[in-house]
Amino acid sequence: MTASSSKTFLVCHGAWSAGWAWKKMHPLMQAAGHRLITPSYTGLGERAHLANQSLDLEAHIHDVLSVISYEDLRDIVLVGHSYGGMVATGVADRMRERIAQLIYIDAFVPRDGQSLFDLNEPGIESMRKAARDGDGWRIPPMQTPPDTSAADVEWLSSRRVAMPIKCFEQKLKLQHGETTLPRCYIYATRITPADTFGQFARRTRNEPGWRHFEIDASHSPNVTAPEALMALLDQIVA
């Protein structure tokens, strides 16, 4: 692996999750000659003790911007998974000069002024109710896909934590409009009946500026299909 083909992948992780959920990808990235950085947002994972009612999408965008600044990262392959697509879109808007390309993995792809709730209207009422039934400001984790192994379900469920609802309510404000950075979308084809991400699969297949890929996996291939995900990411950045 030459230095020029070695990439720095920076992950914006999904809701309820954190950097720890990318554990299986670290040795695979290393074997492929890449660097994988998986920071956790404030209030989640090992930073769960910092959870508070003011946390929103903007806070999580700032978490990742700070990693880029303090680690002095450049030429980044920015990865957004699920809710992380909201975060990655905001990060790319603010630090586009540091980013080589964007890869969305079964993720929300907001336009300017859209919130996650705007992109997932069927889920709003159940999530609001879940927050009301809990502490009032957080949504407990959703179920893992049925093809997740028992060992992984145990690993995940002991670590996933409730998600501040403001992260889903806050509308993303783009400072520079729709990005011109190279973008890829990876659609996980083992869908739930809701098919939350089908709208983005259709959009990215048909809209200029996108490369569209599919993976035979459920919503979190970093957990259930890490080797297949690594092969696809390697193909995309080659």
# chains A, B, ... in the order shown; residues from 1 in each chain; ligands from 1
call {"tool": "residues_around", "arguments": {"residues": "A:Arg96", "least_positions_apart": "2", "cutoff": "12 Å", "atoms": "only C-alpha atoms", "output": "number ranges by chain"}}
result
A: 65, 68, 73-78, 88-94, 98-102, 174-182
call {"tool": "select_by_dssp", "arguments": {"residues": "stretch 58-238 of chain A", "states": "strand (DSSP E or B)", "output": "ChimeraX atom specification"}}
result
/A:76-81,99-105,138-139,163-164,183-188,210-215
call {"tool": "write_last_selection", "arguments": {"atoms": "C-alpha atoms", "output": "mmCIF file, in the first residue's frame"}}
result
data_model
loop_
_atom_site.group_PDB
_atom_site.id
_atom_site.type_symbol
_atom_site.label_atom_id
_atom_site.label_comp_id
_atom_site.auth_asym_id
_atom_site.auth_seq_id
_atom_site.Cartn_x
_atom_site.Cartn_y
_atom_site.Cartn_z
ATOM 1 C CA ILE A 76 -10.531 13.198 4.595
ATOM 2 C CA VAL A 77 -12.938 10.531 3.411
ATOM 3 C CA LEU A 78 -15.916 11.641 5.491
ATOM 4 C CA VAL A 79 -18.366 8.837 6.259
ATOM 5 C CA GLY A 80 -21.904 9.441 7.522
ATOM 6 C CA HIS A 81 -23.949 6.464 8.769
ATOM 7 C CA ILE A 99 -12.537 16.816 2.772
ATOM 8 C CA ALA A 100 -11.733 14.735 -0.317
ATOM 9 C CA GLN A 101 -15.058 12.957 -0.579
ATOM 10 C CA LEU A 102 -18.269 12.081 1.234
ATOM 11 C CA ILE A 103 -19.638 8.568 1.675
ATOM 12 C CA TYR A 104 -23.130 8.077 3.068
ATOM 13 C CA ILE A 105 -23.913 4.592 4.411
ATOM 14 C CA ARG A 138 -34.426 11.592 24.875
ATOM 15 C CA ILE A 139 -35.550 8.750 22.619
ATOM 16 C CA MET A 163 -30.685 9.975 21.951
ATOM 17 C CA PRO A 164 -31.487 13.673 22.563
ATOM 18 C CA ARG A 183 -20.396 11.990 -3.065
ATOM 19 C CA CYS A 184 -21.306 8.305 -2.838
ATOM 20 C CA TYR A 185 -24.355 6.639 -1.361
ATOM 21 C CA ILE A 186 -24.333 3.050 -0.084
ATOM 22 C CA TYR A 187 -27.843 1.649 0.237
ATOM 23 C CA ALA A 188 -28.274 -1.364 2.536
ATOM 24 C CA TRP A 210 -23.589 10.978 -6.994
ATOM 25 C CA ARG A 211 -22.147 7.502 -7.313
ATOM 26 C CA HIS A 212 -24.646 4.923 -6.084
ATOM 27 C CA PHE A 213 -23.764 1.557 -4.524
ATOM 28 C CA GLU A 214 -25.684 -1.197 -2.781
ATOM 29 C CA ILE A 215 -24.667 -3.651 -0.075
#
call {"tool": "closest_residue", "arguments": {"among": "A:Pro146, A:Gly84, A:Gly19, A:Gly113", "to": "A:Thr192", "atoms": "only C-alpha atoms"}}
result
A:Pro146
call {"tool": "select_by_dssp", "arguments": {"residues": "stretch 131-192 of chain A", "states": "helix (DSSP H, G or I)", "output": "list of chain:residue names"}}
result
A:Ala131, A:Arg132, A:Asp133, A:Ala150, A:Ala151, A:Asp152, A:Val153, A:Glu154, A:Trp155, A:Leu156, A:Ser157, A:Lys166, A:Cys167, A:Phe168, A:Glu169
call {"tool": "closest_residue", "arguments": {"among": "A:Thr189, A:Ser66, A:Thr38, A:Thr148", "to": "A:Met25", "atoms": "only C-alpha atoms"}}
result
A:Thr38
call {"tool": "residues_around", "arguments": {"residues": "A:Trp20", "least_positions_apart": "5", "cutoff": "10 Å", "atoms": "only C-alpha atoms", "output": "PDB file with all heavy atoms, in the first residue's frame"}}
result
ATOM      1  N   HIS A  13     -21.002   8.825  13.213  1.00  0.00           N
ATOM      2  CA  HIS A  13     -21.756   7.610  13.530  1.00  0.00           C
ATOM      3  C   HIS A  13     -23.264   7.872  13.641  1.00  0.00           C
ATOM      4  O   HIS A  13     -23.724   9.011  13.609  1.00  0.00           O
ATOM      5  CB  HIS A  13     -21.210   6.970  14.817  1.00  0.00           C
ATOM      6  CG  HIS A  13     -21.361   7.820  16.045  1.00  0.00           C
ATOM      7  ND1 HIS A  13     -22.580   8.004  16.680  1.00  0.00           N
ATOM      8  CD2 HIS A  13     -20.459   8.528  16.767  1.00  0.00           C
ATOM      9  CE1 HIS A  13     -22.409   8.783  17.743  1.00  0.00           C
ATOM     10  NE2 HIS A  13     -21.134   9.128  17.812  1.00  0.00           N
ATOM     11  N   THR A  38     -12.925   7.305  14.628  1.00  0.00           N
ATOM     12  CA  THR A  38     -14.344   7.148  14.959  1.00  0.00           C
ATOM     13  C   THR A  38     -14.684   7.892  16.255  1.00  0.00           C
ATOM     14  O   THR A  38     -14.868   7.279  17.304  1.00  0.00           O
ATOM     15  CB  THR A  38     -14.714   5.658  15.105  1.00  0.00           C
ATOM     16  OG1 THR A  38     -13.877   5.066  16.118  1.00  0.00           O
ATOM     17  CG2 THR A  38     -14.518   4.907  13.800  1.00  0.00           C
ATOM     18  N   PRO A  39     -14.760   9.216  16.201  1.00  0.00           N
ATOM     19  CA  PRO A  39     -15.084   9.961  17.421  1.00  0.00           C
ATOM     20  C   PRO A  39     -16.535   9.721  17.853  1.00  0.00           C
ATOM     21  O   PRO A  39     -17.382   9.348  17.033  1.00  0.00           O
ATOM     22  CB  PRO A  39     -14.888  11.422  16.998  1.00  0.00           C
ATOM     23  CG  PRO A  39     -15.061  11.431  15.512  1.00  0.00           C
ATOM     24  CD  PRO A  39     -14.596  10.091  15.021  1.00  0.00           C
ATOM     25  N   SER A  40     -16.791   9.904  19.137  1.00  0.00           N
ATOM     26  CA  SER A  40     -18.156   9.808  19.665  1.00  0.00           C
ATOM     27  C   SER A  40     -18.708  11.200  19.915  1.00  0.00           C
ATOM     28  O   SER A  40     -17.996  12.086  20.385  1.00  0.00           O
ATOM     29  CB  SER A  40     -18.163   9.028  20.983  1.00  0.00           C
ATOM     30  OG  SER A  40     -17.735   7.695  20.771  1.00  0.00           O
ATOM     31  N   GLY A  45     -22.062   7.034  23.863  1.00  0.00           N
ATOM     32  CA  GLY A  45     -20.885   6.191  24.053  1.00  0.00           C
ATOM     33  C   GLY A  45     -20.151   6.544  25.335  1.00  0.00           C
ATOM     34  O   GLY A  45     -20.762   6.760  26.384  1.00  0.00           O
ATOM     35  N   GLU A  46     -18.821   6.641  25.239  1.00  0.00           N
ATOM     36  CA  GLU A  46     -18.010   6.953  26.419  1.00  0.00           C
ATOM     37  C   GLU A  46     -18.198   8.396  26.888  1.00  0.00           C
ATOM     38  O   GLU A  46     -17.668   8.787  27.933  1.00  0.00           O
ATOM     39  CB  GLU A  46     -16.528   6.669  26.146  1.00  0.00           C
ATOM     40  CG  GLU A  46     -15.809   7.649  25.240  1.00  0.00           C
ATOM     41  CD  GLU A  46     -16.032   7.437  23.746  1.00  0.00           C
ATOM     42  OE1 GLU A  46     -16.931   6.658  23.361  1.00  0.00           O
ATOM     43  OE2 GLU A  46     -15.288   8.058  22.960  1.00  0.00           O
ATOM     44  N   LEU A 156     -24.289  -4.627  21.455  1.00  0.00           N
ATOM     45  CA  LEU A 156     -24.919  -3.347  21.125  1.00  0.00           C
ATOM     46  C   LEU A 156     -25.832  -2.860  22.241  1.00  0.00           C
ATOM     47  O   LEU A 156     -25.765  -1.700  22.657  1.00  0.00           O
ATOM     48  CB  LEU A 156     -25.739  -3.483  19.833  1.00  0.00           C
ATOM     49  CG  LEU A 156     -24.968  -3.761  18.539  1.00  0.00           C
ATOM     50  CD1 LEU A 156     -25.922  -4.225  17.445  1.00  0.00           C
ATOM     51  CD2 LEU A 156     -24.190  -2.539  18.078  1.00  0.00           C
ATOM     52  N   ARG A 159     -24.544  -1.092  25.256  1.00  0.00           N
ATOM     53  CA  ARG A 159     -23.780   0.144  25.034  1.00  0.00           C
ATOM     54  C   ARG A 159     -24.576   1.279  24.399  1.00  0.00           C
ATOM     55  O   ARG A 159     -24.178   2.440  24.497  1.00  0.00           O
ATOM     56  CB  ARG A 159     -22.558  -0.164  24.151  1.00  0.00           C
ATOM     57  CG  ARG A 159     -21.478  -0.925  24.896  1.00  0.00           C
ATOM     58  CD  ARG A 159     -20.433  -1.487  23.944  1.00  0.00           C
ATOM     59  NE  ARG A 159     -19.364  -2.144  24.694  1.00  0.00           N
ATOM     60  CZ  ARG A 159     -19.459  -3.364  25.202  1.00  0.00           C
ATOM     61  NH1 ARG A 159     -20.562  -4.071  25.038  1.00  0.00           N
ATOM     62  NH2 ARG A 159     -18.455  -3.884  25.887  1.00  0.00           N
ATOM     63  N   ARG A 160     -25.675   0.953  23.732  1.00  0.00           N
ATOM     64  CA  ARG A 160     -26.457   2.016  23.093  1.00  0.00           C
ATOM     65  C   ARG A 160     -27.231   2.784  24.164  1.00  0.00           C
ATOM     66  O   ARG A 160     -27.710   2.191  25.126  1.00  0.00           O
ATOM     67  CB  ARG A 160     -27.424   1.411  22.071  1.00  0.00           C
ATOM     68  CG  ARG A 160     -26.707   0.796  20.889  1.00  0.00           C
ATOM     69  CD  ARG A 160     -27.617  -0.089  20.084  1.00  0.00           C
ATOM     70  NE  ARG A 160     -28.292   0.652  19.035  1.00  0.00           N
ATOM     71  CZ  ARG A 160     -29.552   0.461  18.659  1.00  0.00           C
ATOM     72  NH1 ARG A 160     -30.294  -0.432  19.253  1.00  0.00           N
ATOM     73  NH2 ARG A 160     -30.065   1.173  17.682  1.00  0.00           N
TER      74      ARG A 160
END
